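Below is the file target.txt, which contains compact mmCIF, C-alpha atoms.
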```txt
# COMPACT_ATOMS: atom_id res chain seq x y z
CA MET A 294 49.28 106.91 114.01
CA SER A 295 51.55 105.26 116.57
CA GLU A 296 55.21 105.82 117.42
CA LYS A 297 55.77 102.12 116.78
CA TYR A 298 54.47 102.23 113.22
CA LYS A 299 55.06 104.90 110.63
CA VAL A 300 55.01 106.17 107.09
CA GLY A 301 58.14 107.88 105.77
CA LYS A 302 58.13 111.64 105.17
CA LEU A 303 59.08 111.31 101.50
CA ILE A 304 55.94 109.27 100.85
CA TYR A 305 53.93 112.27 102.11
CA ASP A 306 55.83 114.67 99.84
CA GLY A 307 53.02 116.11 97.71
CA ASN A 308 54.87 115.98 94.39
CA ILE A 309 56.26 112.50 95.04
CA TYR A 310 52.79 111.27 95.99
CA ASP A 311 51.03 112.83 92.99
CA GLY A 312 53.61 111.51 90.55
CA MET A 313 53.01 107.96 91.69
CA ASN A 314 49.26 108.09 92.25
CA VAL A 315 47.79 109.19 88.95
CA GLU A 316 45.09 106.54 88.62
CA VAL A 317 41.51 107.53 89.47
CA ALA A 318 39.76 104.21 88.86
CA ASP A 319 37.87 104.76 92.10
CA LEU A 320 36.53 108.20 91.10
CA PRO A 321 33.49 106.94 89.11
CA PHE A 322 32.53 104.67 92.00
CA TYR A 323 32.61 107.43 94.61
CA SER A 324 30.91 109.90 92.28
CA ARG A 325 28.14 107.39 91.65
CA TRP A 326 27.47 106.94 95.36
CA LEU A 327 27.77 110.63 96.17
CA LYS A 328 24.88 111.20 93.76
CA LYS A 329 22.68 109.57 96.42
CA ARG A 330 23.08 112.82 98.35
CA LYS A 331 23.84 115.18 95.46
CA ASN A 332 22.90 118.32 97.37
CA GLY A 333 24.22 117.20 100.74
CA ARG A 334 27.43 117.78 102.65
CA ILE A 335 30.25 115.36 101.83
CA LEU A 336 33.24 114.62 104.07
CA GLU A 337 36.32 112.87 102.73
CA LEU A 338 38.70 111.56 105.38
CA CYS A 339 42.37 111.10 104.42
CA CYS A 340 41.94 113.29 101.34
CA GLY A 341 45.69 113.55 100.68
CA THR A 342 46.51 115.92 97.83
CA GLY A 343 42.90 116.10 96.68
CA ARG A 344 43.16 113.29 94.12
CA LEU A 345 39.41 112.69 94.51
CA THR A 346 38.38 115.79 96.44
CA ILE A 347 39.08 118.23 93.63
CA PRO A 348 37.40 116.39 90.72
CA LEU A 349 34.38 115.69 92.94
CA ALA A 350 34.18 119.38 93.82
CA GLN A 351 34.34 120.17 90.10
CA GLU A 352 31.32 117.89 89.63
CA GLY A 353 29.42 120.19 91.97
CA TYR A 354 29.60 118.36 95.28
CA ASN A 355 29.82 120.31 98.53
CA ILE A 356 32.89 118.48 99.77
CA THR A 357 35.25 118.95 102.71
CA GLY A 358 38.58 117.13 102.82
CA VAL A 359 40.44 116.17 105.99
CA ASP A 360 44.04 115.02 106.25
CA ASN A 361 46.74 115.06 108.91
CA SER A 362 49.64 115.82 106.54
CA THR A 363 50.57 119.48 106.09
CA SER A 364 52.49 118.69 102.88
CA MET A 365 49.55 116.86 101.33
CA LEU A 366 47.07 119.59 102.21
CA LYS A 367 49.40 122.27 100.85
CA GLN A 368 49.51 120.40 97.55
CA ALA A 369 45.73 119.95 97.56
CA LYS A 370 45.15 123.65 98.19
CA ALA A 371 47.51 124.64 95.36
CA LYS A 372 45.78 122.28 92.92
CA ALA A 373 42.32 123.46 93.97
CA ASN A 374 43.36 127.09 93.46
CA ASP A 375 44.83 126.33 90.03
CA LEU A 376 41.63 124.58 88.96
CA LYS A 377 39.33 127.07 90.71
CA ALA A 378 37.71 124.21 92.59
CA SER A 379 35.73 125.10 95.69
CA VAL A 380 36.84 122.77 98.49
CA LYS A 381 37.27 123.16 102.22
CA LEU A 382 40.43 121.53 103.56
CA ILE A 383 41.00 120.75 107.23
CA LYS A 384 44.09 119.43 109.02
CA SER A 385 43.06 116.88 111.63
CA ASP A 386 43.72 113.42 112.98
CA ILE A 387 40.63 111.47 111.89
CA ARG A 388 40.65 109.42 115.10
CA TYR A 389 39.78 112.51 117.11
CA LEU A 390 37.73 114.50 114.65
CA ASP A 391 35.64 117.30 116.13
CA LEU A 392 33.92 119.37 113.45
CA PRO A 393 30.90 121.66 113.92
CA GLU A 394 28.87 120.09 111.10
CA VAL A 395 27.35 116.72 110.27
CA TYR A 396 27.50 115.18 106.81
CA ASP A 397 25.28 113.23 104.43
CA ILE A 398 28.14 111.02 103.24
CA ILE A 399 31.50 110.32 104.86
CA PHE A 400 34.05 108.32 102.91
CA ILE A 401 37.61 107.10 103.38
CA PRO A 402 39.17 106.21 100.02
CA PHE A 403 42.40 104.72 98.70
CA ASN A 404 43.13 102.06 101.33
CA SER A 405 43.71 104.72 103.97
CA ILE A 406 42.38 102.65 106.87
CA HIS A 407 45.54 100.53 106.58
CA HIS A 408 47.33 103.31 108.45
CA LEU A 409 45.14 102.71 111.50
CA TYR A 410 47.53 100.31 113.17
CA THR A 411 45.61 99.18 116.23
CA ASN A 412 42.04 98.07 116.77
CA GLN A 413 41.48 101.11 118.98
CA ASP A 414 42.68 103.42 116.20
CA PHE A 415 40.03 101.98 113.90
CA PHE A 416 37.36 102.02 116.60
CA ASN A 417 38.09 105.70 117.29
CA VAL A 418 37.55 106.47 113.61
CA LEU A 419 34.23 104.63 113.64
CA ILE A 420 33.19 106.69 116.66
CA SER A 421 34.24 109.88 114.84
CA VAL A 422 32.28 108.88 111.76
CA LYS A 423 29.11 108.18 113.76
CA LYS A 424 29.48 111.54 115.50
CA HIS A 425 29.63 113.40 112.19
CA LEU A 426 27.20 111.35 110.07
CA LYS A 427 23.64 112.54 109.52
CA ASN A 428 20.68 110.28 110.12
CA ASN A 429 20.27 108.09 107.04
CA GLY A 430 23.73 109.09 105.83
CA TYR A 431 26.22 106.78 104.12
CA PHE A 432 29.65 105.69 105.37
CA ILE A 433 31.79 104.33 102.52
CA PHE A 434 35.39 103.14 102.48
CA ASP A 435 37.71 100.84 100.59
CA CYS A 436 40.72 98.75 101.54
CA PHE A 437 42.69 95.75 100.35
CA ASN A 438 41.52 92.18 100.76
CA PRO A 439 44.73 90.69 102.22
CA ASP A 440 46.50 88.34 99.81
CA ILE A 441 48.75 86.18 101.95
CA GLN A 442 50.34 84.47 98.94
CA TYR A 443 51.31 87.85 97.46
CA ILE A 444 52.85 88.91 100.76
CA VAL A 445 54.81 85.66 101.04
CA ASN A 446 56.16 86.01 97.50
CA ALA A 447 56.97 89.69 97.98
CA GLU A 448 59.05 88.90 101.07
CA LYS A 449 61.40 86.82 98.93
CA GLU A 450 62.85 89.52 96.71
CA GLU A 451 63.04 93.25 96.03
CA GLN A 452 60.53 94.41 93.40
CA VAL A 453 60.39 97.55 91.27
CA ILE A 454 56.89 98.92 91.83
CA ALA A 455 57.02 102.39 90.23
CA GLU A 456 58.98 104.59 87.83
CA TYR A 457 57.74 108.10 87.13
CA SER A 458 58.58 111.81 86.89
CA THR A 459 57.26 114.49 89.23
CA LYS A 460 55.99 117.93 88.28
CA ASP A 461 58.98 119.50 90.02
CA GLY A 462 61.43 117.65 87.78
CA ARG A 463 62.47 114.54 89.71
CA ASN A 464 62.77 111.15 88.02
CA VAL A 465 61.75 108.59 90.62
CA SER A 466 62.16 104.83 90.82
CA VAL A 467 60.78 102.85 93.76
CA LYS A 468 61.78 99.35 94.81
CA GLN A 469 59.82 97.48 97.46
CA THR A 470 60.63 94.97 100.18
CA MET A 471 58.27 93.78 102.90
CA ILE A 472 57.98 91.61 105.98
CA TYR A 473 54.61 90.67 107.45
CA GLU A 474 54.08 90.50 111.22
CA SER A 475 51.40 87.92 111.93
CA LYS A 476 50.96 88.94 115.57
CA THR A 477 50.13 92.58 114.81
CA GLN A 478 48.79 92.11 111.25
CA ILE A 479 51.22 94.84 110.17
CA ASN A 480 52.86 94.57 106.77
CA ARG A 481 56.26 96.24 107.21
CA ILE A 482 56.85 97.69 103.75
CA LYS A 483 60.02 99.54 102.81
CA TRP A 484 60.17 101.66 99.70
CA HIS A 485 63.70 102.22 98.38
CA TYR A 486 63.71 105.55 96.53
CA PHE A 487 66.07 106.35 93.68
CA ILE A 488 65.82 109.96 92.48
CA ASN A 489 67.46 111.14 89.26
CA GLY A 490 69.35 107.86 89.02
CA GLU A 491 70.82 107.94 92.53
CA PHE A 492 69.75 106.21 95.72
CA ASP A 493 67.95 108.66 97.98
CA SER A 494 66.48 106.88 101.00
CA ILE A 495 64.48 104.01 102.39
CA GLN A 496 60.98 105.06 103.48
CA ASN A 497 58.71 103.01 105.71
CA LEU A 498 55.16 102.31 104.61
CA ASP A 499 53.72 100.22 107.45
CA MET A 500 50.19 98.99 106.71
CA ARG A 501 47.76 97.19 108.99
CA MET A 502 45.96 94.36 107.25
CA PHE A 503 42.22 94.00 107.91
CA PHE A 504 40.65 90.63 107.15
CA PRO A 505 37.10 90.39 105.77
CA GLN A 506 35.22 88.83 108.69
CA GLU A 507 37.18 91.05 111.08
CA LEU A 508 35.93 94.23 109.41
CA ASP A 509 32.37 92.91 109.19
CA ALA A 510 32.42 92.27 112.95
CA TYR A 511 33.95 95.63 113.86
CA LEU A 512 31.41 97.55 111.83
CA SER A 513 28.56 95.65 113.46
CA MET A 514 30.05 96.23 116.93
CA TYR A 515 30.00 99.99 116.36
CA GLY A 516 26.50 100.17 114.97
CA PHE A 517 27.03 100.15 111.21
CA LYS A 518 24.96 98.01 108.87
CA ILE A 519 26.75 96.86 105.72
CA ILE A 520 24.41 97.69 102.84
CA HIS A 521 26.87 96.51 100.18
CA LYS A 522 30.27 94.89 100.21
CA PHE A 523 31.94 94.95 96.81
CA GLY A 524 35.11 93.30 95.55
CA GLY A 525 35.97 96.06 93.06
CA PHE A 526 35.05 99.55 91.94
CA ASN A 527 32.73 98.23 89.24
CA GLU A 528 30.64 96.88 92.13
CA GLU A 529 31.67 93.29 91.57
CA ILE A 530 30.44 90.78 94.15
CA PHE A 531 32.97 90.34 96.96
CA GLU A 532 34.60 86.93 96.59
CA ASP A 533 37.55 84.96 97.89
CA LYS A 534 39.93 86.30 95.23
CA SER A 535 38.68 89.89 95.28
CA GLY A 536 41.51 92.39 95.48
CA LYS A 537 39.43 94.94 97.35
CA GLN A 538 36.95 95.24 100.18
CA ILE A 539 34.60 98.13 99.46
CA PHE A 540 31.97 98.92 102.08
CA VAL A 541 28.78 100.94 101.81
CA CYS A 542 27.28 101.29 105.28
CA LYS A 543 24.58 103.06 107.25
CA GLN A 544 23.97 103.30 110.97
CA ASP A 545 22.31 100.08 112.03
CA ASN A 546 19.31 101.68 113.74
CA LEU A 547 18.23 103.39 110.52
CA SER A 548 16.18 102.05 107.64
CA ILE A 549 17.94 101.34 104.37
```

Mind turning the file's structure into structure tokens?
Amino acid sequence: MSEKYKVGKLIYDGNIYDGMNVEVADLPFYSRWLKKRKNGRILELCCGTGRLTIPLAQEGYNITGVDNSTSMLKQAKAKANDLKASVKLIKSDIRYLDLPEVYDIIFIPFNSIHHLYTNQDFFNVLISVKKHLKNNGYFIFDCFNPDIQYIVNAEKEEQVIAEYSTKDGRNVSVKQTMIYESKTQINRIKWHYFINGEFDSIQNLDMRMFFPQELDAYLSMYGFKIIHKFGGFNEEIFEDKSGKQIFVCKQDNLSI
């Protein structure tokens, strides 16, 4: 989102991404909430390769996916065509979204807000969401609950975080190092890629950390009422040790 912070190109390689991100533990959660507006228009921001978009479309939802990565959208389109899933895919920066329609539910899954590196980046997204959300519509997103102890421990040594094979025949191993910047709340993650047994490259995966009371305040500032805040996709109560922050919101001037 900013020249100062970045995500490496290999991380946005569709096949590399899909090989690593095979879990869909969040799918039942989003499907459950989308049922609140079963016949409405759904907008997924940061849809990536369609990990959720496509199965939700197969469930019958009228869903549009937005992403700013050409590689990811190309992969999503290919998968949707293979599965004969009806989805609309749009390339756009979600901070400056300008679509002709409004939606019953807008959601941002899979920790994607961590790539909004400044407060203004996040505020711009909230403005975009309000612009495109119908009266009485839902805004839902998930992100990490920052674990400072994990970050401190992870700074001490390189860790293997993934080993997998891609559909296009690459055997991938990923090792991780990180350094946290307290001033900016940016976790400077580096993924060291080994492909087919040989070192390939180091890819940046910078992620902005959002702390719980911070997000609560920002949402209130921009006119969103938090209907639910969960600590996991089984709708666990959000607690100190929760790994996730999962928000279900509506515009604050509307009845629940």

Residues near Ser458 of chain A, cut-off 10 Å, only C-alpha atoms, skip fewer than 4 positions along chain, as an MDAnalysis selection string: chainID A and resid 308:309 311:313 462:466 488:489

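Interatomic distance, atom CA of Ile398 of chain A against atom CA of Thr357 of chain A: 10.7 Å.
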
Within 12 Å of Arg325 of chain A, counting all atoms listed in the file, which residues show up once you throw out same-chain ones fewer than 5 positions away? Write them as a ChimeraX atom specification, please. /A:319-320,330-331,349,352,354,433,526-528

Enter the distance from atom CA of Lys537 of chain A to atom CA of Asp306 of chain A, in Å, rounded to one decimal.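 Here the two named atoms are 25.8 Å from each other.
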
Check the smallest atom-to-atom distance from each of A:Thr363, A:Tyr396, A:Glu474, A:Asn355 to Gly341 of chain A using only C-alpha atoms, then report the winner.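 Residue with the minimum atom-to-atom distance to Gly341 of chain A: A:Thr363.
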
Would you please work out which residue, of A:Ser405, A:Thr477, A:Gln452, A:Asn332, is nearest to Asp360 of chain A when using only C-alpha atoms? A:Ser405

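Counting all atoms listed in the file, the residue from A:Leu390, A:Lys299, A:Ala369, A:Ser513 that sits nearest to Asn480 of chain A is A:Lys299.
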
Would you please work out which residue, of A:Asp397, A:Tyr443, A:Leu345, A:Glu448, is nearest to Asn428 of chain A when using all atoms listed in the file?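 Among the listed residues, A:Asp397 lies closest to Asn428 of chain A.
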
For Phe403 of chain A, find every residue with an atom within 9 Å (counting all atoms listed in the file), except residues of its own chain fewer than 2 positions away, and show them as an NGL selection string. :A and (319 or 339-340 or 401 or 405-406 or 434-436)

Any idea what the distance is between atom CA of Pro505 of chain A and atom CA of Lys534 of chain A?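 Pair atom CA of Pro505 of chain A / atom CA of Lys534 of chain A returns 11.7 Å.
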
Proximity to Lys518 of chain A - best of A:Asn412, A:Asn429, A:Asn404, A:Ser324, only C-alpha atoms: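 Counting only C-alpha atoms, the residue closest to Lys518 of chain A is A:Asn429.
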